[in-house]
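**Student:** I am sharing run_12.csv, which consists of CSV, C-alpha atoms:
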```csv
chain,number,residue,atom,x,y,z
G,173,MET,CA,-17.2,60.9,-6.6
G,174,ARG,CA,-20.7,59.9,-5.6
G,175,VAL,CA,-20.9,57.2,-8.2
G,176,ARG,CA,-17.6,55.8,-6.9
G,177,HIS,CA,-18.8,55.8,-3.4
G,178,LEU,CA,-22.0,54.0,-4.3
G,179,ALA,CA,-20.0,51.4,-6.2
G,180,MET,CA,-17.9,50.7,-3.1
G,181,ILE,CA,-21.0,50.3,-1.0
G,182,SER,CA,-22.4,47.9,-3.5
G,183,LEU,CA,-19.2,45.8,-3.5
G,184,LEU,CA,-19.1,45.6,0.3
G,185,GLY,CA,-22.7,44.6,0.4
G,186,ALA,CA,-22.0,41.8,-2.1
G,187,LEU,CA,-19.1,40.5,0.0
G,188,THR,CA,-21.1,40.6,3.2
G,189,GLY,CA,-23.9,38.8,1.5
G,190,CYS,CA,-21.6,35.9,0.5
G,191,GLY,CA,-21.0,35.0,4.2
G,192,GLY,CA,-18.4,32.3,3.3
G,193,PRO,CA,-19.0,28.7,2.2
G,194,SER,CA,-22.1,26.7,3.1
G,195,LEU,CA,-21.6,24.4,6.2
G,196,GLU,CA,-23.3,21.3,7.2
G,197,THR,CA,-23.2,19.3,10.5
G,198,GLN,CA,-22.5,15.6,10.7
G,199,THR,CA,-22.0,13.2,13.6
G,200,PHE,CA,-19.6,10.3,13.1
G,201,GLN,CA,-19.9,7.1,15.2
G,202,LEU,CA,-16.6,5.8,16.5
G,203,HIS,CA,-16.2,2.0,16.8
G,204,TYR,CA,-12.6,1.4,18.0
G,205,MET,CA,-10.9,4.9,18.1
G,206,ASP,CA,-11.2,7.1,21.1
G,207,GLU,CA,-12.6,10.6,20.8
G,208,ALA,CA,-9.3,12.4,21.3
G,209,THR,CA,-7.5,10.4,18.7
G,210,ALA,CA,-10.3,10.9,16.2
G,211,GLU,CA,-10.3,14.7,16.8
G,212,ARG,CA,-6.5,14.8,16.2
G,213,LEU,CA,-7.0,12.7,13.0
G,214,VAL,CA,-9.7,14.9,11.4
G,215,GLN,CA,-8.4,18.3,12.7
G,216,PRO,CA,-6.6,19.1,9.4
G,217,TYR,CA,-10.0,19.0,7.6
G,218,VAL,CA,-11.8,21.4,10.1
G,219,PHE,CA,-10.9,25.0,9.3
G,220,THR,CA,-11.7,26.6,12.7
G,221,ASP,CA,-10.0,29.9,11.6
G,222,ARG,CA,-12.0,30.3,8.4
G,223,THR,CA,-13.3,33.9,8.3
G,224,GLY,CA,-17.1,34.2,8.3
G,225,ALA,CA,-17.8,30.4,8.5
G,226,PRO,CA,-15.4,28.7,10.8
G,227,GLY,CA,-15.5,24.9,11.1
G,228,VAL,CA,-16.4,23.3,14.4
G,229,ILE,CA,-15.5,20.0,16.0
G,230,SER,CA,-16.8,18.5,19.2
G,231,SER,CA,-17.0,15.1,20.8
G,232,ALA,CA,-19.3,13.0,23.1
G,233,ALA,CA,-19.2,9.4,24.2
G,234,GLY,CA,-18.2,7.4,21.2
G,235,THR,CA,-18.9,10.1,18.6
G,236,ILE,CA,-17.4,13.2,17.1
G,237,THR,CA,-19.6,16.0,15.5
G,238,VAL,CA,-18.1,18.2,12.8
G,239,ARG,CA,-19.6,21.3,11.2
G,240,GLU,CA,-17.8,21.8,7.8
G,241,THR,CA,-18.3,22.0,4.1
G,242,ARG,CA,-19.8,18.9,2.4
G,243,ASP,CA,-16.5,18.0,0.6
G,244,ASN,CA,-14.5,18.2,3.9
G,245,LEU,CA,-17.2,16.1,5.7
G,246,GLU,CA,-16.8,13.5,2.9
G,247,ARG,CA,-13.0,13.5,3.4
G,248,ILE,CA,-13.4,13.0,7.1
G,249,GLU,CA,-15.8,10.1,6.5
G,250,ARG,CA,-13.2,8.4,4.2
G,251,VAL,CA,-10.4,8.9,6.7
G,252,LEU,CA,-12.4,7.4,9.6
G,253,LEU,CA,-13.5,4.5,7.4
G,254,VAL,CA,-9.8,3.6,7.0
G,255,GLN,CA,-8.5,4.4,10.5
G,256,ASP,CA,-11.4,3.6,12.8
G,257,ARG,CA,-11.0,-0.2,12.8
G,258,GLU,CA,-10.0,-3.0,15.1
G,259,PRO,CA,-6.3,-2.4,16.1
G,260,ALA,CA,-3.9,-4.9,14.4
G,261,ASP,CA,-1.1,-6.6,16.2
G,262,VAL,CA,2.5,-6.8,15.2
G,263,ARG,CA,5.4,-8.9,16.4
G,264,LEU,CA,8.6,-7.0,16.9
G,265,VAL,CA,11.9,-8.7,17.2
G,266,PHE,CA,14.7,-6.7,18.7
G,267,THR,CA,18.4,-7.5,18.4
G,268,VAL,CA,21.1,-5.4,20.1
G,269,ILE,CA,24.4,-5.7,18.4
G,270,ARG,CA,27.8,-4.4,19.5
G,271,ALA,CA,30.1,-3.3,16.7
G,272,ASP,CA,33.8,-3.3,17.6
G,273,GLY,CA,37.2,-4.0,16.2
G,274,GLN,CA,37.0,-7.7,16.4
G,275,GLY,CA,36.8,-9.6,13.1
G,276,ALA,CA,34.7,-12.5,14.4
G,277,ILE,CA,31.5,-13.3,12.5
G,278,ASP,CA,28.3,-14.0,14.6
G,279,SER,CA,26.2,-16.5,12.8
G,280,THR,CA,23.0,-15.4,14.5
G,281,ILE,CA,23.1,-12.1,12.6
G,282,ALA,CA,24.1,-13.5,9.2
G,283,PRO,CA,20.9,-12.3,7.5
G,284,VAL,CA,21.6,-8.6,8.4
G,285,GLU,CA,25.4,-8.7,8.4
G,286,ALA,CA,25.8,-7.5,4.8
G,287,GLN,CA,23.4,-4.6,5.6
G,288,LEU,CA,25.4,-3.7,8.7
G,289,ARG,CA,28.7,-3.7,6.7
G,290,ARG,CA,27.1,-1.4,4.1
G,291,LEU,CA,26.0,1.1,6.8
G,292,PHE,CA,29.0,1.0,9.1
G,293,ARG,CA,32.7,0.3,8.9
G,294,PHE,CA,33.4,-1.9,11.9
G,295,ARG,CA,35.3,-5.1,11.5
G,296,GLY,CA,33.1,-7.2,13.8
G,297,TYR,CA,29.5,-7.5,14.9
G,298,ARG,CA,28.2,-9.6,17.8
G,299,VAL,CA,24.8,-10.0,19.4
G,300,VAL,CA,24.6,-8.9,23.1
G,301,ALA,CA,20.8,-9.1,23.7
G,302,GLN,CA,17.6,-10.2,21.9
G,303,GLY,CA,13.9,-9.9,22.7
G,304,VAL,CA,10.5,-10.2,21.2
G,305,THR,CA,7.2,-8.4,22.0
G,306,VAL,CA,3.7,-8.4,20.5
G,307,ALA,CA,1.9,-5.1,20.6
G,308,SER,CA,-1.2,-3.6,19.1
G,309,GLU,CA,-1.2,-0.4,17.1
G,310,ARG,CA,-1.7,2.8,19.1
G,311,THR,CA,-0.3,1.2,22.2
G,312,THR,CA,3.0,1.5,24.0
G,313,PHE,CA,5.5,-1.3,24.8
G,314,HIS,CA,8.4,-1.7,27.3
G,315,GLN,CA,10.7,-4.6,27.6
G,316,ILE,CA,14.0,-5.3,29.4
G,317,ILE,CA,16.3,-7.6,27.4
G,318,GLY,CA,19.8,-9.0,28.1
G,319,GLU,CA,21.5,-10.3,31.2
G,320,ARG,CA,23.6,-8.9,34.0
G,321,ARG,CA,25.8,-6.0,32.7
G,322,ASP,CA,24.2,-6.2,29.2
G,323,ARG,CA,20.7,-5.3,30.1
G,324,TYR,CA,18.8,-2.9,27.8
G,325,ASP,CA,15.5,-1.1,28.0
G,326,ILE,CA,13.5,-1.3,24.8
G,327,MET,CA,10.5,1.1,24.7
G,328,GLY,CA,8.2,2.8,22.2
G,329,GLU,CA,4.8,3.0,20.6
G,330,VAL,CA,3.2,1.2,17.7
G,331,GLU,CA,1.7,4.1,15.8
G,332,SER,CA,0.1,2.2,12.9
G,333,VAL,CA,-0.1,-1.3,11.4
G,334,ASN,CA,-1.3,-1.5,7.8
G,335,VAL,CA,-1.6,-5.1,6.6
G,336,ARG,CA,-2.8,-6.5,3.3
G,337,GLY,CA,-2.8,-10.2,3.3
G,338,ASP,CA,0.8,-11.3,4.3
G,339,SER,CA,2.3,-7.9,3.5
G,340,GLY,CA,2.1,-4.4,4.8
G,341,ALA,CA,4.1,-2.0,6.9
G,342,VAL,CA,4.4,-0.9,10.5
G,343,ARG,CA,5.1,2.6,11.8
G,344,VAL,CA,6.7,2.5,15.2
G,345,HIS,CA,8.6,4.9,17.5
G,346,VAL,CA,11.2,2.8,19.3
G,347,GLY,CA,14.0,3.7,21.7
G,348,LEU,CA,16.9,1.9,23.4
G,349,GLU,CA,18.4,2.8,26.7
G,350,THR,CA,21.8,1.2,27.5
G,351,PRO,CA,23.3,0.1,30.9
G,352,LEU,CA,25.4,3.3,30.8
G,353,GLY,CA,22.4,5.5,30.4
G,354,ALA,CA,23.0,6.3,26.8
G,355,THR,CA,19.9,6.3,24.5
G,356,LEU,CA,19.1,5.9,20.8
G,357,GLY,CA,15.8,5.9,19.0
G,358,SER,CA,13.8,7.0,16.0
G,359,ARG,CA,10.4,6.9,14.4
G,360,ILE,CA,10.6,4.3,11.6
G,361,THR,CA,8.5,2.5,9.1
G,362,ILE,CA,9.2,-1.2,8.6
G,363,ALA,CA,7.8,-3.5,5.9
G,364,ILE,CA,6.4,-6.7,7.3
G,365,GLY,CA,9.1,-9.4,7.2
G,366,GLN,CA,11.9,-6.8,6.9
G,367,THR,CA,14.3,-5.1,9.3
G,368,ALA,CA,15.3,-1.6,10.2
G,369,VAL,CA,18.7,-0.6,11.6
G,370,LEU,CA,19.2,2.1,14.2
G,371,GLY,CA,22.8,2.5,15.2
G,372,GLY,CA,26.0,4.3,15.7
G,373,GLN,CA,25.3,5.0,19.4
G,374,SER,CA,28.6,4.9,21.3
G,375,GLY,CA,28.9,1.9,23.6
G,376,GLY,CA,31.9,3.3,25.4
G,377,SER,CA,35.4,1.8,25.0
G,378,GLU,CA,33.8,-1.5,23.8
G,379,GLY,CA,32.5,-0.1,20.5
G,380,ALA,CA,29.2,1.2,19.2
G,381,LEU,CA,25.7,-0.2,19.8
G,382,ILE,CA,23.3,-1.0,17.0
G,383,LEU,CA,19.6,-1.8,17.3
G,384,VAL,CA,18.0,-4.0,14.7
G,385,VAL,CA,14.2,-4.2,14.6
G,386,ARG,CA,12.2,-6.8,12.6
G,387,ALA,CA,8.5,-6.6,12.0
G,388,GLU,CA,6.4,-9.7,11.6
G,389,LEU,CA,2.8,-10.8,11.7
G,390,PRO,CA,1.9,-12.7,14.9
G,391,ALA,CA,1.2,-16.4,14.4
G,392,PRO,CA,-2.5,-17.1,13.9
```
What does the file become when written as structure tokens?
**Tutor:**
Amino acid sequence: MRVRHLAMISLLGALTGCGGPSLETQTFQLHYMDEATAERLVQPYVFTDRTGAPGVISSAAGTITVRETRDNLERIERVLLVQDREPADVRLVFTVIRADGQGAIDSTIAPVEAQLRRLFRFRGYRVVAQGVTVASERTTFHQIIGERRDRYDIMGEVESVNVRGDSGAVRVHVGLETPLGATLGSRITIAIGQTAVLGGQSGGSEGALILVVRAELPAP
């Protein structure tokens, strides 16, 4: 029994002596990103609930300081290298389409009509409002498009713009509010030069409303 008790004491002593992983402290200079955004971005790599050796993150003007393991500090450095850069701009083209029982073809939406017919089962599609905005990533936008009774609020946030040459993708949270107070919206990723379709929202007795969003690079 005494031998067993001594063995248990030795095991506890060994565990206590370990004290968790070795931590280092590193300060990262921020060039474009604000401190709050940077903290949210690197938080998954800072284990503040680690027993015995919790990670720590703090911020000051233009910097964040992290106490973590060396491998996690290297991960944070790589993430900031990619994300902490000058915000890119994107040109968003909005088209509000009313889908109803009419069979007429609107030539202004010919490029997306085939896509609309694959997604929905309406006989006719016609444009009721269009608008364009240029926004930077990590900023919000708000625009009123249309005229008179067909006025629509377009609002949202450009979350990220990843561009490589003439290609890339945009992640945007976009919403549409109709004159009747109905809303539709979603968080979507759009390839540069391509379109995304949000739709099916009821437009009352006149059919359903569809929002088409196209992402483009602004003219140089």
**Student:** So, counting all atoms listed in the file, which residue among G:Ala307, G:Val300, G:Ile360, G:Ala341 is closest to G:Ala380?
**Tutor:**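 Nearest to G:Ala380: G:Val300.
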**Student:** Excluding G:Asn334 and its own-chain neighbours fewer than 3 positions away, which residues fall within 10 Å of it when counting only C-alpha atoms? Please give them as number ranges by chain.
**Tutor:** G: 254-255, 259-262, 309, 337, 339-343, 363-364
**Student:** What separation in Å, quoted to one decimal, exists between atom CA of G:Arg242 and atom CA of G:Glu207?
**Tutor:** 21.4 Å
**Student:** Just the residues within 10 Å of G:Leu352, please, counting only C-alpha atoms, with nothing from its chain fewer than 2 positions along; format it as a VMD selection string.
**Tutor:** chain G and resid 321 to 324 349 to 350 354 to 355 375 to 376
**Student:** Of the residues G:Arg320, G:Arg270, G:His314, G:Val265, which is the one nearest to G:Glu388, using all atoms listed in the file?
**Tutor:**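 Counting all atoms listed in the file, the residue closest to G:Glu388 is G:Val265.
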**Student:** What does the structure give for the distance between atom CA of G:Val306 and atom CA of G:Val251, in Å to one decimal?
**Tutor:**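 Atom-to-atom, atom CA of G:Val306 and atom CA of G:Val251 are spaced 26.2 Å apart.
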**Student:** List as JSON, numbers by chain the protein and nucleic acid residues near G:Leu252, meaning an atom at most 10 Å away when only C-alpha atoms are counted, but skip any in the same chain fewer than 5 places from it.
**Tutor:** {"G": [200, 201, 202, 203, 205, 210, 213, 214, 247, 257]}
**Student:** Show me the residues around (4.0, 3.9, 25.5) - criterion: an atom at most 9 Å away, only C-alpha atoms counted - as a list in words.
**Tutor:**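 Neighbouring residues, ordered by chain and number, come to Arg310, Thr311, Thr312, Phe313, His314, Met327, Gly328, Glu329 and Val330 of chain G.
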**Student:** When distances are computed from all atoms listed in the file, which of G:Val284, G:Val304, G:Val218, G:Leu389 shows the smallest separation from G:Val238?
**Tutor:**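 Smallest separation from G:Val238 among the options: G:Val218.
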**Student:** Could you check how far atom CA of G:Val344 sits from atom CA of G:Asp272, in Å to one decimal?
**Tutor:**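 According to the coordinates, atom CA of G:Val344 and atom CA of G:Asp272 are separated by 27.8 Å.
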**Student:** Considering all atoms listed in the file, can you say which of G:Ile248, G:Ala387, G:Ile236, G:Val268 comes closest to G:Thr305?
**Tutor:**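 Of all the options, G:Ala387 lies closest to G:Thr305.
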**Student:** Which residue, G:Glu249, G:Val299, G:Gln215, G:Arg336, has the smallest gap to G:Gln198 when you use all atoms listed in the file?
**Tutor:**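 Smallest separation from G:Gln198 among the options: G:Glu249.
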